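Structure file structure.cif; described as mmCIF, C-alpha atoms.
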```
data_target
loop_
_atom_site.label_atom_id
_atom_site.label_comp_id
_atom_site.auth_asym_id
_atom_site.auth_seq_id
_atom_site.Cartn_x
_atom_site.Cartn_y
_atom_site.Cartn_z
CA MET A 1 14.00 15.44 11.81
CA LYS A 2 12.39 17.86 9.36
CA ILE A 3 10.61 16.41 6.34
CA GLY A 4 8.88 18.01 3.38
CA MET A 5 5.74 15.97 2.66
CA ILE A 6 4.44 16.49 -0.88
CA GLY A 7 1.01 14.91 -1.38
CA LEU A 8 -1.44 14.93 1.52
CA GLY A 9 -4.01 12.38 0.39
CA ARG A 10 -5.21 9.30 2.29
CA MET A 11 -1.66 8.06 2.83
CA GLY A 12 0.51 11.19 2.80
CA GLY A 13 -1.64 13.17 5.22
CA ASN A 14 -1.77 10.38 7.79
CA MET A 15 1.93 9.63 7.45
CA ALA A 16 2.63 13.28 8.16
CA ARG A 17 0.43 13.12 11.26
CA ARG A 18 2.22 10.02 12.53
CA LEU A 19 5.59 11.68 11.97
CA MET A 20 4.51 14.76 13.92
CA ALA A 21 3.16 12.61 16.74
CA GLY A 22 6.63 11.04 16.87
CA GLY A 23 8.33 14.40 17.31
CA HIS A 24 9.35 15.16 13.72
CA GLN A 25 8.66 18.45 11.94
CA VAL A 26 6.65 18.39 8.71
CA VAL A 27 6.54 20.99 5.96
CA ALA A 28 3.34 20.17 4.09
CA TYR A 29 2.44 20.86 0.46
CA ASP A 30 -0.39 19.73 -1.79
CA ARG A 31 -2.11 21.31 -4.77
CA ASP A 32 -5.30 21.06 -2.69
CA ALA A 33 -5.17 24.06 -0.34
CA ASP A 34 -7.80 22.50 1.93
CA ALA A 35 -5.58 19.46 2.53
CA VAL A 36 -2.72 21.80 3.47
CA ALA A 37 -4.98 23.78 5.81
CA LYS A 38 -6.17 20.63 7.60
CA LEU A 39 -2.63 19.39 8.19
CA THR A 40 -1.52 22.85 9.28
CA ALA A 41 -4.27 22.78 11.89
CA ASP A 42 -2.80 19.50 13.12
CA GLY A 43 0.64 21.04 13.60
CA ALA A 44 2.39 20.98 10.23
CA GLU A 45 4.03 23.97 8.61
CA GLY A 46 1.83 24.40 5.56
CA VAL A 47 3.14 26.04 2.38
CA ASP A 48 1.71 26.82 -1.06
CA SER A 49 4.54 25.82 -3.42
CA LEU A 50 7.54 23.56 -3.85
CA ASP A 51 9.76 26.65 -3.69
CA ALA A 52 8.30 27.37 -0.27
CA VAL A 53 9.03 23.79 0.81
CA ARG A 54 12.68 24.28 -0.14
CA GLY A 55 12.84 27.48 1.89
CA LYS A 56 11.56 25.76 5.03
CA LEU A 57 13.76 22.65 4.98
CA ASP A 58 17.12 22.08 6.58
CA SER A 59 20.19 21.12 4.58
CA PRO A 60 20.41 18.44 3.38
CA ALA A 61 16.69 18.62 2.69
CA ILE A 62 14.43 15.57 2.88
CA TRP A 63 11.64 15.60 0.29
CA TRP A 64 9.02 12.85 0.68
CA VAL A 65 6.74 12.49 -2.37
CA MET A 66 3.48 10.65 -1.62
CA LEU A 67 1.57 10.79 -4.89
CA PRO A 68 -0.01 8.25 -7.30
CA ALA A 69 2.46 6.41 -9.50
CA GLY A 70 2.93 7.70 -13.01
CA GLU A 71 3.01 11.11 -14.60
CA ILE A 72 2.22 13.16 -11.50
CA THR A 73 5.02 11.56 -9.48
CA GLU A 74 7.45 11.76 -12.41
CA GLY A 75 6.71 15.44 -12.95
CA THR A 76 6.88 16.33 -9.28
CA ILE A 77 10.24 14.63 -8.77
CA ALA A 78 11.58 16.44 -11.85
CA GLN A 79 10.45 19.78 -10.39
CA ILE A 80 11.99 18.99 -7.01
CA ALA A 81 15.27 18.03 -8.70
CA GLU A 82 15.45 21.53 -10.19
CA LYS A 83 15.11 23.10 -6.74
CA ALA A 84 17.11 20.60 -4.68
CA GLN A 85 20.73 21.02 -3.72
CA ALA A 86 23.52 18.45 -3.80
CA GLY A 87 23.14 16.14 -0.83
CA ASP A 88 19.35 16.51 -0.66
CA ILE A 89 17.27 13.33 -0.43
CA ILE A 90 14.16 12.66 -2.53
CA ILE A 91 11.92 9.83 -1.29
CA ASP A 92 9.15 8.29 -3.38
CA GLY A 93 6.76 6.52 -1.01
CA GLY A 94 4.06 5.73 -3.58
CA ASN A 95 3.69 2.64 -5.76
CA SER A 96 6.07 3.54 -8.57
CA PHE A 97 7.46 0.96 -11.00
CA TYR A 98 10.84 -0.21 -9.75
CA LYS A 99 12.59 0.28 -13.12
CA ASP A 100 11.57 3.95 -12.98
CA ASP A 101 13.28 4.14 -9.58
CA ILE A 102 16.52 2.76 -11.00
CA ARG A 103 16.42 5.32 -13.82
CA ARG A 104 15.63 8.23 -11.48
CA ALA A 105 18.37 7.26 -9.03
CA LYS A 106 20.98 7.28 -11.78
CA SER A 107 19.80 10.62 -13.15
CA LEU A 108 19.63 12.30 -9.74
CA ARG A 109 22.99 10.91 -8.68
CA GLU A 110 24.58 12.90 -11.50
CA LYS A 111 23.31 16.05 -9.75
CA GLY A 112 24.49 14.84 -6.33
CA ILE A 113 20.92 14.21 -5.18
CA GLU A 114 20.10 11.02 -3.29
CA TYR A 115 17.03 8.95 -4.21
CA VAL A 116 15.11 6.51 -2.01
CA ASP A 117 12.11 4.35 -2.91
CA VAL A 118 9.79 3.20 -0.13
CA GLY A 119 7.19 0.53 -0.76
CA THR A 120 4.53 1.40 1.79
CA SER A 121 1.77 -0.87 3.08
CA GLY A 122 -0.76 0.02 5.74
CA GLY A 123 -3.45 1.94 3.92
CA VAL A 124 -5.84 4.21 5.75
CA TRP A 125 -5.13 2.39 9.03
CA GLY A 126 -1.43 3.26 9.04
CA LYS A 127 -1.72 6.42 11.11
CA ASP A 128 -2.61 4.32 14.16
CA ARG A 129 -1.24 0.87 13.26
CA GLY A 130 1.95 2.03 11.59
CA TYR A 131 3.25 1.37 8.08
CA CYS A 132 5.09 -1.69 6.83
CA MET A 133 7.92 -0.36 4.65
CA MET A 134 10.27 -1.93 2.12
CA ILE A 135 13.08 0.52 1.33
CA GLY A 136 15.53 0.87 -1.54
CA ALA A 137 18.48 3.12 -0.70
CA GLU A 138 22.21 3.42 -0.30
CA PRO A 139 23.15 2.03 3.16
CA ARG A 140 24.44 5.37 4.51
CA ILE A 141 21.24 7.14 3.43
CA MET A 142 19.18 4.38 5.01
CA GLU A 143 21.00 4.93 8.29
CA HIS A 144 20.48 8.68 8.09
CA LEU A 145 16.72 8.30 7.55
CA ASP A 146 16.29 5.52 10.10
CA PRO A 147 14.60 7.75 12.74
CA ILE A 148 11.88 8.61 10.20
CA PHE A 149 11.26 5.00 9.24
CA GLU A 150 11.23 3.85 12.86
CA THR A 151 8.57 6.43 13.67
CA LEU A 152 6.37 5.42 10.75
CA ALA A 153 6.75 1.67 11.34
CA PRO A 154 4.41 -0.32 13.61
CA GLY A 155 7.18 -1.38 15.99
CA ALA A 156 7.65 -4.88 17.36
CA GLY A 157 4.40 -4.71 19.32
CA THR A 158 3.10 -7.96 20.79
CA ILE A 159 3.97 -10.19 17.82
CA PRO A 160 6.24 -12.97 19.12
CA ARG A 161 9.62 -13.45 17.51
CA THR A 162 9.64 -16.01 14.72
CA PRO A 163 11.01 -19.33 16.09
CA GLY A 164 14.57 -19.83 14.93
CA ARG A 165 15.17 -16.14 14.24
CA VAL A 166 18.20 -15.13 16.33
CA ALA A 167 18.21 -11.41 17.15
CA GLU A 168 22.00 -11.10 17.17
CA LYS A 169 22.30 -12.48 13.63
CA VAL A 170 19.57 -10.54 11.82
CA ASP A 171 18.56 -6.97 11.08
CA GLN A 172 16.08 -6.23 13.86
CA ARG A 173 14.40 -3.51 11.80
CA ALA A 174 12.37 -6.23 10.06
CA GLU A 175 10.75 -7.07 13.41
CA LYS A 176 9.81 -3.41 13.79
CA GLY A 177 8.03 -3.41 10.44
CA TYR A 178 10.56 -2.05 7.92
CA ILE A 179 13.54 -3.33 5.97
CA HIS A 180 16.43 -2.10 3.87
CA ALA A 181 15.55 -4.18 0.81
CA GLY A 182 18.58 -3.16 -1.24
CA PRO A 183 19.64 -0.39 -3.68
CA ALA A 184 17.29 1.95 -5.54
CA GLY A 185 14.34 0.06 -6.96
CA ALA A 186 14.53 -2.84 -4.51
CA GLY A 187 11.96 -1.33 -2.15
CA HIS A 188 9.29 -0.88 -4.79
CA PHE A 189 10.11 -4.27 -6.33
CA VAL A 190 9.42 -6.03 -3.02
CA LYS A 191 6.24 -3.98 -2.55
CA MET A 192 5.17 -4.85 -6.10
CA ILE A 193 5.37 -8.56 -5.32
CA HIS A 194 3.58 -7.90 -2.01
CA ASN A 195 0.69 -6.38 -3.97
CA GLY A 196 0.65 -9.26 -6.45
CA ILE A 197 0.30 -11.70 -3.54
CA GLU A 198 -2.40 -9.43 -2.09
CA TYR A 199 -4.38 -9.85 -5.33
CA GLY A 200 -4.19 -13.65 -5.00
CA LEU A 201 -5.21 -13.71 -1.34
CA MET A 202 -8.12 -11.37 -1.94
CA GLN A 203 -9.30 -13.41 -4.92
CA ALA A 204 -9.27 -16.61 -2.86
CA TYR A 205 -11.49 -15.03 -0.19
CA ALA A 206 -13.75 -13.50 -2.82
CA GLU A 207 -14.31 -16.76 -4.68
CA GLY A 208 -14.84 -18.68 -1.45
CA PHE A 209 -17.53 -16.32 -0.20
CA ASP A 210 -19.16 -16.32 -3.64
CA ILE A 211 -19.45 -20.12 -3.50
CA LEU A 212 -20.89 -19.92 0.01
CA LYS A 213 -23.47 -17.33 -1.03
CA SER A 214 -24.49 -19.34 -4.10
CA LYS A 215 -25.16 -22.53 -2.11
CA ASN A 216 -28.88 -21.64 -1.96
CA SER A 217 -29.11 -21.42 -5.76
CA ASP A 218 -32.21 -22.82 -7.44
CA LYS A 219 -29.83 -24.59 -9.83
CA LEU A 220 -29.10 -27.10 -7.04
CA PRO A 221 -31.31 -29.93 -5.79
CA GLU A 222 -33.52 -28.58 -3.02
CA ASP A 223 -32.03 -30.75 -0.28
CA GLU A 224 -28.53 -29.52 -1.19
CA ARG A 225 -29.35 -25.85 -0.82
CA PHE A 226 -28.02 -24.07 2.28
CA ASP A 227 -28.90 -20.53 3.25
CA LEU A 228 -25.56 -19.77 4.90
CA ASN A 229 -24.87 -16.84 7.22
CA LEU A 230 -21.81 -15.21 5.64
CA THR A 231 -21.38 -12.79 8.53
CA ASP A 232 -21.06 -15.62 11.06
CA ILE A 233 -18.78 -17.63 8.77
CA ALA A 234 -16.39 -14.71 8.38
CA GLU A 235 -16.47 -14.15 12.13
CA VAL A 236 -15.76 -17.75 13.10
CA TRP A 237 -12.93 -18.01 10.58
CA ARG A 238 -11.28 -15.02 12.28
CA ARG A 239 -10.96 -17.01 15.50
CA GLY A 240 -8.47 -19.86 15.46
CA SER A 241 -8.74 -20.66 11.76
CA VAL A 242 -5.65 -21.23 9.63
CA ILE A 243 -7.02 -18.72 7.08
CA SER A 244 -7.42 -15.86 9.56
CA SER A 245 -5.85 -12.59 8.40
CA TRP A 246 -6.32 -8.83 8.32
CA LEU A 247 -8.02 -9.18 4.94
CA LEU A 248 -10.51 -11.57 6.52
CA ASP A 249 -11.01 -9.09 9.37
CA LEU A 250 -11.89 -6.40 6.84
CA THR A 251 -14.25 -8.77 5.04
CA ALA A 252 -15.99 -9.60 8.31
CA ILE A 253 -16.40 -5.89 9.09
CA ALA A 254 -17.99 -5.25 5.69
CA LEU A 255 -20.33 -8.26 5.93
CA ALA A 256 -21.40 -7.27 9.44
CA LYS A 257 -22.57 -3.93 8.04
CA ASP A 258 -24.34 -5.44 5.01
CA GLU A 259 -24.24 -9.15 4.24
CA MET A 260 -25.17 -8.56 0.59
CA LEU A 261 -22.53 -5.80 0.19
CA GLU A 262 -24.97 -3.76 -1.86
CA GLN A 263 -22.93 -0.57 -1.44
CA PHE A 264 -20.08 -2.07 -3.50
CA SER A 265 -20.18 -2.23 -7.28
CA GLY A 266 -17.83 -5.16 -7.83
CA HIS A 267 -16.05 -3.16 -10.53
CA VAL A 268 -12.58 -3.91 -9.20
CA ALA A 269 -9.73 -1.62 -10.21
CA ASP A 270 -6.03 -2.44 -10.20
CA SER A 271 -3.31 0.13 -9.65
CA GLY A 272 -0.64 -1.48 -11.82
CA GLU A 273 1.40 -3.56 -9.40
CA GLY A 274 -0.46 -6.78 -10.24
CA GLN A 275 0.44 -6.51 -13.92
CA TRP A 276 4.01 -5.52 -13.09
CA THR A 277 4.29 -8.59 -10.87
CA ILE A 278 3.20 -10.85 -13.73
CA ASP A 279 5.61 -9.05 -16.08
CA ALA A 280 8.43 -9.75 -13.61
CA ALA A 281 7.43 -13.42 -13.37
CA MET A 282 7.57 -13.68 -17.16
CA GLU A 283 10.98 -11.99 -17.31
CA GLU A 284 12.29 -14.40 -14.66
CA LYS A 285 10.53 -17.46 -16.18
CA VAL A 286 8.75 -18.08 -12.86
CA PRO A 287 5.25 -19.66 -13.02
CA ALA A 288 2.65 -17.49 -11.26
CA ASN A 289 -0.66 -19.20 -11.93
CA VAL A 290 -2.66 -17.85 -8.99
CA LEU A 291 -1.39 -14.28 -9.24
CA THR A 292 -2.07 -14.18 -13.00
CA ALA A 293 -5.59 -15.53 -12.58
CA SER A 294 -6.35 -12.98 -9.85
CA LEU A 295 -5.26 -10.12 -12.12
CA PHE A 296 -7.40 -11.38 -14.99
CA ALA A 297 -10.35 -11.70 -12.60
CA ARG A 298 -10.10 -7.98 -11.93
CA TYR A 299 -10.15 -7.26 -15.64
CA ARG A 300 -13.24 -9.46 -16.02
CA SER A 301 -14.98 -7.66 -13.12
CA ARG A 302 -15.20 -4.53 -15.24
CA VAL A 303 -17.40 -6.34 -17.76
CA GLU A 304 -19.59 -8.46 -15.49
CA HIS A 305 -19.82 -8.44 -11.70
CA THR A 306 -20.22 -11.27 -9.20
CA PHE A 307 -20.75 -11.26 -5.45
CA GLY A 308 -17.10 -12.24 -5.15
CA ASP A 309 -16.17 -9.02 -6.93
CA GLN A 310 -18.21 -7.10 -4.36
CA VAL A 311 -16.19 -8.86 -1.64
CA LEU A 312 -13.02 -7.65 -3.38
CA SER A 313 -14.39 -4.10 -3.50
CA ALA A 314 -15.23 -4.29 0.21
CA MET A 315 -11.68 -5.37 1.08
CA ARG A 316 -10.13 -2.62 -1.07
CA PHE A 317 -12.28 -0.03 0.67
CA GLY A 318 -11.39 -1.52 4.05
CA PHE A 319 -7.62 -1.25 3.77
CA GLY A 320 -7.15 1.53 1.25
CA GLY A 321 -10.30 3.63 1.17
CA HIS A 322 -10.77 2.79 -2.52
CA VAL A 323 -14.35 3.69 -3.42
CA GLU A 324 -16.03 1.38 -5.95
CA ILE A 325 -19.69 2.21 -5.45
CA PRO A 326 -22.53 0.99 -7.71
CA GLN A 327 -23.01 3.17 -10.78
#
```
Please rewrite the model in this file as structure tokens.
Amino acid sequence: MKIGMIGLGRMGGNMARRLMAGGHQVVAYDRDADAVAKLTADGAEGVDSLDAVRGKLDSPAIWWVMLPAGEITEGTIAQIAEKAQAGDIIIDGGNSFYKDDIRRAKSLREKGIEYVDVGTSGGVWGKDRGYCMMIGAEPRIMEHLDPIFETLAPGAGTIPRTPGRVAEKVDQRAEKGYIHAGPAGAGHFVKMIHNGIEYGLMQAYAEGFDILKSKNSDKLPEDERFDLNLTDIAEVWRRGSVISSWLLDLTAIALAKDEMLEQFSGHVADSGEGQWTIDAAMEEKVPANVLTASLFARYRSRVEHTFGDQVLSAMRFGFGGHVEIPQ
């Protein structure tokens, strides 16, 4: 299939490369001409404007927007809507707020334009590992775009089927790494909760390693002080432990390079989904103690930093390339 990829940053550029490796054609556009040139060198058809994207796409055109949530995505989708034709499909693969998706879908539907929201997880590793995707779309549009999603997804790989999950009774796309979550907005809602859980998991690791590091504190009796090897602890927990995970793998990688994590500031940013998750919990009257505490911990990290905050920074750099270096 032929896809217009708008936004060639850490995620968009690598998604385009994975699509091309899977036999799809990509028309690439970004305001950064260098990003377009690099992807063109890798086989994309680079262009210098949204009008040029329209001229290169088939009909119905598939426009995939891979930009940061907020004003830039809102403005870009509005511009595309002016150039798109009835039947065209606009996909937002960033981390937009799900209520914005619902509003956009209604507005675009009046013009005959289809809208799809794709919650995308995989970070800077997705080009090789594949992307886990949670998709909000009309069923017929989901079916039409299925070859794109299957190419981007990790595939079943070597992960064994979940016991009790009967292939004939379930949507097997979930086992390949992507799902049709529901109508417009459902994809980004599921991804929003995914990111809220991610905050909680990361905070648990961060606090645990902070406690381990502080066990040699002079505030403790001398015979209760341990000078623990954090690198070895992270490594052994990766192997057979019930708390093993990809986040722990990334932590182990960072600690192996520098056990004190001095390259990380501990000033931990949040991209919005954590707060939106807590907002949703409040709307639904669902208690979310751990997720709320993990969000507030990120706010606190911008005032004072702990070693645990540096662990958080290291994980964020590991999966997403987020740079939080000491100032």
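Once the PyMOL selection byres ((chain A and resi 114) around 6) is applied to the shown structure, the selection contains Ile89, Ile113 and Tyr115 of chain A.
Ranking A:Ser313, A:Ser96, A:Asn14, A:Pro147 by their shortest atom-to-atom distance to Trp276 of chain A, with only C-alpha atoms included, puts A:Ser96 first.
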Interatomic distance, atom CA of Thr277 of chain A to atom CA of His188 of chain A (Å, one decimal) | 11.0 Å
Using all atoms listed in the file, what residues lie at most 12 Å away from (15.2, 17.6, -9.1) (file coordinates), given as a ChimeraX atom specification?
-> /A:50-51,54,61,63,65,73-91,104-105,107-115
On this structure, which residues satisfy the PyMOL selection byres ((chain A and resi 120) around 9), written as a PyMOL selection string?
-> chain A and resi 93-95+118-119+121-123+131-135+187-188+191
Explicit residue set for the PyMOL selection byres ((chain A and resi 226-231) around 12), as a compact mmCIF listing (two decimals) with C-alpha atoms, in the frame of the given file:
```txt
# COMPACT_ATOMS: atom_id res chain seq x y z
CA TYR A 205 -11.49 -15.03 -0.19
CA ALA A 206 -13.75 -13.50 -2.82
CA GLY A 208 -14.84 -18.68 -1.45
CA PHE A 209 -17.53 -16.32 -0.20
CA ASP A 210 -19.16 -16.32 -3.64
CA ILE A 211 -19.45 -20.12 -3.50
CA LEU A 212 -20.89 -19.92 0.01
CA LYS A 213 -23.47 -17.33 -1.03
CA SER A 214 -24.49 -19.34 -4.10
CA LYS A 215 -25.16 -22.53 -2.11
CA ASN A 216 -28.88 -21.64 -1.96
CA SER A 217 -29.11 -21.42 -5.76
CA ASP A 218 -32.21 -22.82 -7.44
CA LEU A 220 -29.10 -27.10 -7.04
CA PRO A 221 -31.31 -29.93 -5.79
CA GLU A 222 -33.52 -28.58 -3.02
CA ASP A 223 -32.03 -30.75 -0.28
CA GLU A 224 -28.53 -29.52 -1.19
CA ARG A 225 -29.35 -25.85 -0.82
CA ASP A 232 -21.06 -15.62 11.06
CA ILE A 233 -18.78 -17.63 8.77
CA ALA A 234 -16.39 -14.71 8.38
CA GLU A 235 -16.47 -14.15 12.13
CA VAL A 236 -15.76 -17.75 13.10
CA TRP A 237 -12.93 -18.01 10.58
CA ARG A 238 -11.28 -15.02 12.28
CA LEU A 248 -10.51 -11.57 6.52
CA ASP A 249 -11.01 -9.09 9.37
CA LEU A 250 -11.89 -6.40 6.84
CA THR A 251 -14.25 -8.77 5.04
CA ALA A 252 -15.99 -9.60 8.31
CA ILE A 253 -16.40 -5.89 9.09
CA ALA A 254 -17.99 -5.25 5.69
CA LEU A 255 -20.33 -8.26 5.93
CA ALA A 256 -21.40 -7.27 9.44
CA LYS A 257 -22.57 -3.93 8.04
CA ASP A 258 -24.34 -5.44 5.01
CA GLU A 259 -24.24 -9.15 4.24
CA MET A 260 -25.17 -8.56 0.59
CA LEU A 261 -22.53 -5.80 0.19
CA PHE A 307 -20.75 -11.26 -5.45
CA VAL A 311 -16.19 -8.86 -1.64
```
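Ranking A:Val26, A:Ala281, A:Ala293, A:Leu67 by their shortest atom-to-atom distance to Ile148 of chain A, with all atoms listed in the file included, puts A:Val26 first.
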With distances taken over all atoms listed in the file, which of A:Pro68, A:Gly272, A:Ala174, A:Phe149 is nearest to Arg161 of chain A?
-> A:Ala174
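If all atoms listed in the file are the atoms counted, then among A:Gly46, A:Gly7, A:Pro154, A:Gly126 the closest residue to Ala69 of chain A is A:Gly7.
Between Asp100 of chain A and the residues A:Glu150, A:Glu304, A:Asp117, A:Glu168, the shortest atom-to-atom distance, using all atoms listed in the file, involves A:Asp117.
Closest approach to Lys127 of chain A among A:Met192, A:Ala21, A:Ile3, A:Ile278 is made by A:Ala21 (distances from only C-alpha atoms).
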Please, which residues are within 9 Å of (0.6, 21.1, 12.3) by the file's coordinates, counting only C-alpha atoms, and could they come as a PyMOL selection string?
-> chain A and resi 17+20+25-28+37-46
Write out as a PyMOL selection string the residues lying within 9 Å of His267 of chain A, counting all atoms listed in the file and excluding same-chain residues fewer than 5 positions away.
-> chain A and resi 298-305+309-310+312-313+324-326
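Interatomic distance, atom CA of Glu198 of chain A against atom CA of Trp125 of chain A: 16.5 Å.
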Kindly write N, CA, C and O atoms of segment 11-27 of chain A from the structure just given to a file, as a PDB file, in the first residue's frame.
```pdb
ATOM      1  N   MET A  11       9.932   8.274  16.014  1.00  0.00           N
ATOM      2  CA  MET A  11       8.946   7.231  15.736  1.00  0.00           C
ATOM      3  C   MET A  11       8.570   7.196  14.262  1.00  0.00           C
ATOM      4  O   MET A  11       8.632   6.147  13.618  1.00  0.00           O
ATOM      5  N   GLY A  12       8.173   8.336  13.710  1.00  0.00           N
ATOM      6  CA  GLY A  12       7.674   8.365  12.340  1.00  0.00           C
ATOM      7  C   GLY A  12       8.687   7.873  11.319  1.00  0.00           C
ATOM      8  O   GLY A  12       8.344   7.114  10.407  1.00  0.00           O
ATOM      9  N   GLY A  13       9.942   8.303  11.464  1.00  0.00           N
ATOM     10  CA  GLY A  13      10.968   7.879  10.516  1.00  0.00           C
ATOM     11  C   GLY A  13      11.177   6.381  10.536  1.00  0.00           C
ATOM     12  O   GLY A  13      11.258   5.729   9.482  1.00  0.00           O
ATOM     13  N   ASN A  14      11.247   5.796  11.725  1.00  0.00           N
ATOM     14  CA  ASN A  14      11.468   4.356  11.827  1.00  0.00           C
ATOM     15  C   ASN A  14      10.248   3.554  11.405  1.00  0.00           C
ATOM     16  O   ASN A  14      10.373   2.455  10.849  1.00  0.00           O
ATOM     17  N   MET A  15       9.061   4.085  11.657  1.00  0.00           N
ATOM     18  CA  MET A  15       7.854   3.395  11.183  1.00  0.00           C
ATOM     19  C   MET A  15       7.841   3.366   9.664  1.00  0.00           C
ATOM     20  O   MET A  15       7.492   2.345   9.049  1.00  0.00           O
ATOM     21  N   ALA A  16       8.235   4.482   9.054  1.00  0.00           N
ATOM     22  CA  ALA A  16       8.299   4.526   7.595  1.00  0.00           C
ATOM     23  C   ALA A  16       9.289   3.498   7.065  1.00  0.00           C
ATOM     24  O   ALA A  16       9.025   2.811   6.063  1.00  0.00           O
ATOM     25  N   ARG A  17      10.420   3.364   7.727  1.00  0.00           N
ATOM     26  CA  ARG A  17      11.438   2.394   7.287  1.00  0.00           C
ATOM     27  C   ARG A  17      10.926   0.967   7.427  1.00  0.00           C
ATOM     28  O   ARG A  17      11.179   0.118   6.563  1.00  0.00           O
ATOM     29  N   ARG A  18      10.199   0.686   8.499  1.00  0.00           N
ATOM     30  CA  ARG A  18       9.652  -0.667   8.665  1.00  0.00           C
ATOM     31  C   ARG A  18       8.587  -0.949   7.605  1.00  0.00           C
ATOM     32  O   ARG A  18       8.517  -2.075   7.082  1.00  0.00           O
ATOM     33  N   LEU A  19       7.774   0.055   7.287  1.00  0.00           N
ATOM     34  CA  LEU A  19       6.775  -0.124   6.238  1.00  0.00           C
ATOM     35  C   LEU A  19       7.435  -0.425   4.894  1.00  0.00           C
ATOM     36  O   LEU A  19       7.002  -1.323   4.165  1.00  0.00           O
ATOM     37  N   MET A  20       8.483   0.327   4.582  1.00  0.00           N
ATOM     38  CA  MET A  20       9.167   0.099   3.298  1.00  0.00           C
ATOM     39  C   MET A  20       9.818  -1.270   3.259  1.00  0.00           C
ATOM     40  O   MET A  20       9.793  -1.953   2.230  1.00  0.00           O
ATOM     41  N   ALA A  21      10.386  -1.693   4.376  1.00  0.00           N
ATOM     42  CA  ALA A  21      10.996  -3.025   4.430  1.00  0.00           C
ATOM     43  C   ALA A  21       9.957  -4.114   4.208  1.00  0.00           C
ATOM     44  O   ALA A  21      10.275  -5.209   3.736  1.00  0.00           O
ATOM     45  N   GLY A  22       8.689  -3.788   4.555  1.00  0.00           N
ATOM     46  CA  GLY A  22       7.603  -4.741   4.365  1.00  0.00           C
ATOM     47  C   GLY A  22       6.935  -4.647   3.010  1.00  0.00           C
ATOM     48  O   GLY A  22       5.904  -5.295   2.777  1.00  0.00           O
ATOM     49  N   GLY A  23       7.491  -3.835   2.109  1.00  0.00           N
ATOM     50  CA  GLY A  23       6.980  -3.774   0.750  1.00  0.00           C
ATOM     51  C   GLY A  23       6.009  -2.647   0.460  1.00  0.00           C
ATOM     52  O   GLY A  23       5.512  -2.525  -0.661  1.00  0.00           O
ATOM     53  N   HIS A  24       5.739  -1.783   1.433  1.00  0.00           N
ATOM     54  CA  HIS A  24       4.839  -0.650   1.214  1.00  0.00           C
ATOM     55  C   HIS A  24       5.616   0.535   0.638  1.00  0.00           C
ATOM     56  O   HIS A  24       6.833   0.634   0.801  1.00  0.00           O
ATOM     57  N   GLN A  25       4.898   1.448   0.002  1.00  0.00           N
ATOM     58  CA  GLN A  25       5.491   2.669  -0.528  1.00  0.00           C
ATOM     59  C   GLN A  25       5.187   3.828   0.428  1.00  0.00           C
ATOM     60  O   GLN A  25       4.060   3.947   0.915  1.00  0.00           O
ATOM     61  N   VAL A  26       6.190   4.660   0.675  1.00  0.00           N
ATOM     62  CA  VAL A  26       6.024   5.770   1.611  1.00  0.00           C
ATOM     63  C   VAL A  26       6.344   7.086   0.924  1.00  0.00           C
ATOM     64  O   VAL A  26       7.402   7.249   0.308  1.00  0.00           O
ATOM     65  N   VAL A  27       5.396   8.020   1.025  1.00  0.00           N
ATOM     66  CA  VAL A  27       5.627   9.407   0.633  1.00  0.00           C
ATOM     67  C   VAL A  27       5.920  10.160   1.918  1.00  0.00           C
ATOM     68  O   VAL A  27       5.085  10.194   2.825  1.00  0.00           O
TER      69      VAL A  27
END
```
